[in-house]
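Heads up: the structure comes next, in structure tokens.
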Amino acid sequence: MTMTPRERVLTALARGVPDQVPFVENDVEEPLQVEIMGRDDFTPTELCEVLGLDGFGYHYPTGGEAGTGQSMQGGDAFHEKYYFPNKVTFDFFPPWIAKMGVDAGGRNFIEKGLLVDEESLKLFDEYLPDPDHPARYERVAEWIAKYKGKYAVFARIRLGAASTINSMGLDHFSFAIFDNPKLVHEVHRRFSEWSARVVEHLNEMDFDFFWANDDIADNRGPWVSPQMFREFFLPHMKVVAQAIKKPWIFHSDGNLFPVMDDLLTLGMSAIHPIQPAAMDIGRMKREYGHRVCLVGNIDLDYTLTLGTPEEVDAEVKERIRVAAPGGGYICSSANSLPSYAKKENALAMRDAIKKYGKYPIQLD
């Protein structure tokens, strides 16, 4: 039986067997969207049709100039842009409470976290928009109704971990765990409670699932020990997770194996992106595939950014061979499709998923 893209995604998130391995990206950066489409006035649905995606979220250049990401700075100007977005977006991230910079390529980066002591906590009032302000929800609801069609639509959120680390700065955060643990808990509590309130509104909207973006690791492993993860992260992340009433994907780059069992107590439907440089997807399938859907694992360090379409084809085939049997796999890049990914490789990934991803999988 042929499924709709939405049915395909939701079946995989429930660890079921769809008709075809789904293809969904956490993000396709706007310059690459424009390169793929050849124009900047397309809809999310049109991008899905061309790129072969089964669902969409993130943001689009429609209504403004294409950029590599959305502004994450706070203050009154951010509040207005958050409440009344001009460009089509499905993101519900809090801003970084940080001094921001812009590199030569126009990409935002964090120069310095600003939450360094109890006095700086007053910045929450300045930076965080009102999570109950209706304007953004109303505008996004209009876009969902206009563009959803047969596709799965997701909102991107945070659980508070990434917001805490980046708004304190990793170095300061690391010292504060020992020198001022109450400050770490207070910062995380405020971010998580803000996101939980946002999620309560999103639960009432016509989203199919959520994608929670919270980097907590690099290729070597988590930035804190399992014990510290349980003490400083997990209780606050659970505040948001327990508010979620829809399927959801947890995203963190890096090696999550040391905290995977603790992480799964959050109750997510899927883990993304399972970076090939940090995690073996075969091990993930064997040890955790019966508990959680796997999303991602197509390499960005080389294959999608520097490789050839033939190399993309071979890698997608191998990932589907290993991760797709029995269902519970969504093919995706090992993070997102950035502006520096090759257009021809993004299209090669689309074609390879269609070529090799039909169930029953027969690639051995």
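Please note that chains go A, B, ... in the order of the structure tokens, that every chain numbers its residues from 1, and that ligands are numbered from 1 in the order shown.
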(message) I'd like to know which residues of segment 17-233 of chain A are helix (DSSP H, G or I) (by DSSP, run on the backbone); could you write them as a ChimeraX atom specification?
(response) /A:30-37,44-51,76-83,118-127,134-147,161-168,170-179,181-202,226-233
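The environment of Gln242 of chain A within 9 Å, counting only C-alpha atoms and disregarding residues fewer than 3 places along the same chain, consists of Ala196, Met237, Lys238, Val239, Lys245, Leu266 and Gly267 of chain A.
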(message) Neighbouring residues of Ser333 of chain A were defined as those with any atom within 7 Å, considering only C-alpha atoms; residues of the same chain fewer than 5 positions away were excluded. Please report them as a PyMOL selection string.
(response) chain A and resi 25+296-300
(message) Nearest residue to Tyr359 of chain A out of A:Pro31, A:Gly328, A:Pro338, A:Pro235, using only C-alpha atoms?
(response) A:Gly328
Which segment 45-144 of chain A residues have any atom within 12 Å of an atom of segment 207-210 of chain A, and for each, what is the nearest pair of atoms with distance in Å to one decimal, counting only C-alpha atoms, rows sorted by chain and number, as JSON lines?
```
{"residue": "A:Asp54", "atom": "CA", "partner": "A:Asp208", "partner_atom": "CA", "distance": 11.9}
{"residue": "A:Gly55", "atom": "CA", "partner": "A:Asp208", "partner_atom": "CA", "distance": 9.3}
{"residue": "A:Phe56", "atom": "CA", "partner": "A:Asp208", "partner_atom": "CA", "distance": 10.2}
{"residue": "A:Gly57", "atom": "CA", "partner": "A:Phe210", "partner_atom": "CA", "distance": 9.1}
{"residue": "A:Tyr58", "atom": "CA", "partner": "A:Phe210", "partner_atom": "CA", "distance": 10.9}
{"residue": "A:Phe90", "atom": "CA", "partner": "A:Phe207", "partner_atom": "CA", "distance": 9.5}
{"residue": "A:Asp91", "atom": "CA", "partner": "A:Phe210", "partner_atom": "CA", "distance": 9.9}
{"residue": "A:Phe92", "atom": "CA", "partner": "A:Phe210", "partner_atom": "CA", "distance": 10.1}
{"residue": "A:Phe93", "atom": "CA", "partner": "A:Phe210", "partner_atom": "CA", "distance": 11.8}
{"residue": "A:Tyr137", "atom": "CA", "partner": "A:Phe207", "partner_atom": "CA", "distance": 11.4}
{"residue": "A:Val140", "atom": "CA", "partner": "A:Phe207", "partner_atom": "CA", "distance": 10.1}
{"residue": "A:Ala141", "atom": "CA", "partner": "A:Phe207", "partner_atom": "CA", "distance": 9.0}
{"residue": "A:Glu142", "atom": "CA", "partner": "A:Phe207", "partner_atom": "CA", "distance": 11.9}
{"residue": "A:Trp143", "atom": "CA", "partner": "A:Phe207", "partner_atom": "CA", "distance": 11.1}
{"residue": "A:Ile144", "atom": "CA", "partner": "A:Phe207", "partner_atom": "CA", "distance": 7.8}
```
(request) With a distance cut-off of 10 Å and only C-alpha atoms, select the neighbouring residues of His290 of chain A, excluding the residue or stretch itself and same-chain residues fewer than 4 positions from it, and output the selection as a VMD selection string. (result) chain A and resid 15 284 to 286 326 to 328
Pull N, CA and C atoms from the residues just selected and write them as a compact mmCIF listing (two decimals), in the first residue's frame.
```txt
# COMPACT_ATOMS: atom_id res chain seq x y z
N ARG A 15 8.28 3.41 14.99
CA ARG A 15 9.11 2.22 14.80
C ARG A 15 8.39 1.16 13.97
N MET A 284 23.69 1.23 17.13
CA MET A 284 22.43 1.86 17.55
C MET A 284 21.24 0.99 17.19
N LYS A 285 21.27 0.41 15.98
CA LYS A 285 20.15 -0.43 15.54
C LYS A 285 20.04 -1.67 16.42
N ARG A 286 21.18 -2.30 16.71
CA ARG A 286 21.16 -3.53 17.50
C ARG A 286 20.72 -3.28 18.95
N GLY A 326 13.12 -3.84 9.19
CA GLY A 326 12.26 -3.86 10.37
C GLY A 326 11.60 -2.53 10.66
N GLY A 327 11.89 -1.50 9.87
CA GLY A 327 11.30 -0.17 10.06
C GLY A 327 12.06 0.65 11.09
N GLY A 328 11.47 1.80 11.44
CA GLY A 328 12.08 2.65 12.46
C GLY A 328 13.32 3.37 12.01
```
(request) Please give the complete set of residues from segment 35-261 of chain A that DSSP, run on the backbone, assigns to strand (DSSP E), formatted as a PyMOL selection string. (result) chain A and resi 55-56+98-102+108-113+152-157+209-213+217-218+221-222+248-251
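For the set A:Met1, A:Ala152, A:Leu256, A:Ile244, the residue with the smallest atom-to-atom gap to Asp218 of chain A is A:Leu256, counting only C-alpha atoms.
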(message) Let me make sure I understand: among A:Leu337, A:Thr2, A:His236, A:Leu347, which one has the smallest atom-to-atom distance to Glu30 of chain A if we use only C-alpha atoms?
(response) A:Leu337
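Our summary of the geometry notes that atom CA of Ala334 of chain A is positioned 4.7 Å from atom CA of Pro273 of chain A.
Counting from atom CA of Val184 of chain A, the distance to atom CA of Phe232 of chain A is 7.4 Å.
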Kindly assemble as CSV a list of the segment 110-199 of chain A residues that lie within 8 Å of segment 39-45 of chain A, each paired with its nearest atom pair and their distance in Å to one decimal, using only C-alpha atoms, sorted first by chain and then by ascending residue number.
```
residue,atom,partner,partner_atom,distance
A:Tyr147,CA,A:Thr45,CA,6.0
A:Lys148,CA,A:Thr45,CA,7.1
A:Gly149,CA,A:Thr45,CA,7.8
A:Tyr151,CA,A:Thr45,CA,7.7
```
For the residues in that selection, give me C-alpha atoms as a JSON list (two decimals), in the first residue's frame.
```
[["chain", "number", "residue", "atom", "x", "y", "z"],
["A", 147, "TYR", "CA", 1.16, 24.55, 3.07],
["A", 148, "LYS", "CA", 0.72, 21.26, 4.93],
["A", 149, "GLY", "CA", -1.13, 19.18, 2.35],
["A", 151, "TYR", "CA", 3.33, 16.30, 4.25]]
```
(request) Give me the residues within 9 Å of Leu363 of chain A as an MDAnalysis selection string, counting only C-alpha atoms and dropping any in the same chain fewer than 6 places off. (result) chainID A and resid 317:318 320:321 356
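The residue that comes closest to Val187 of chain A, out of A:Met205, A:Cys331, A:Met3, A:Leu121 and on the basis of only C-alpha atoms, is A:Leu121.
Counting only C-alpha atoms, the residue from A:Phe257, A:Trp211, A:Phe175, A:Trp223 that sits nearest to Leu13 of chain A is A:Trp211.
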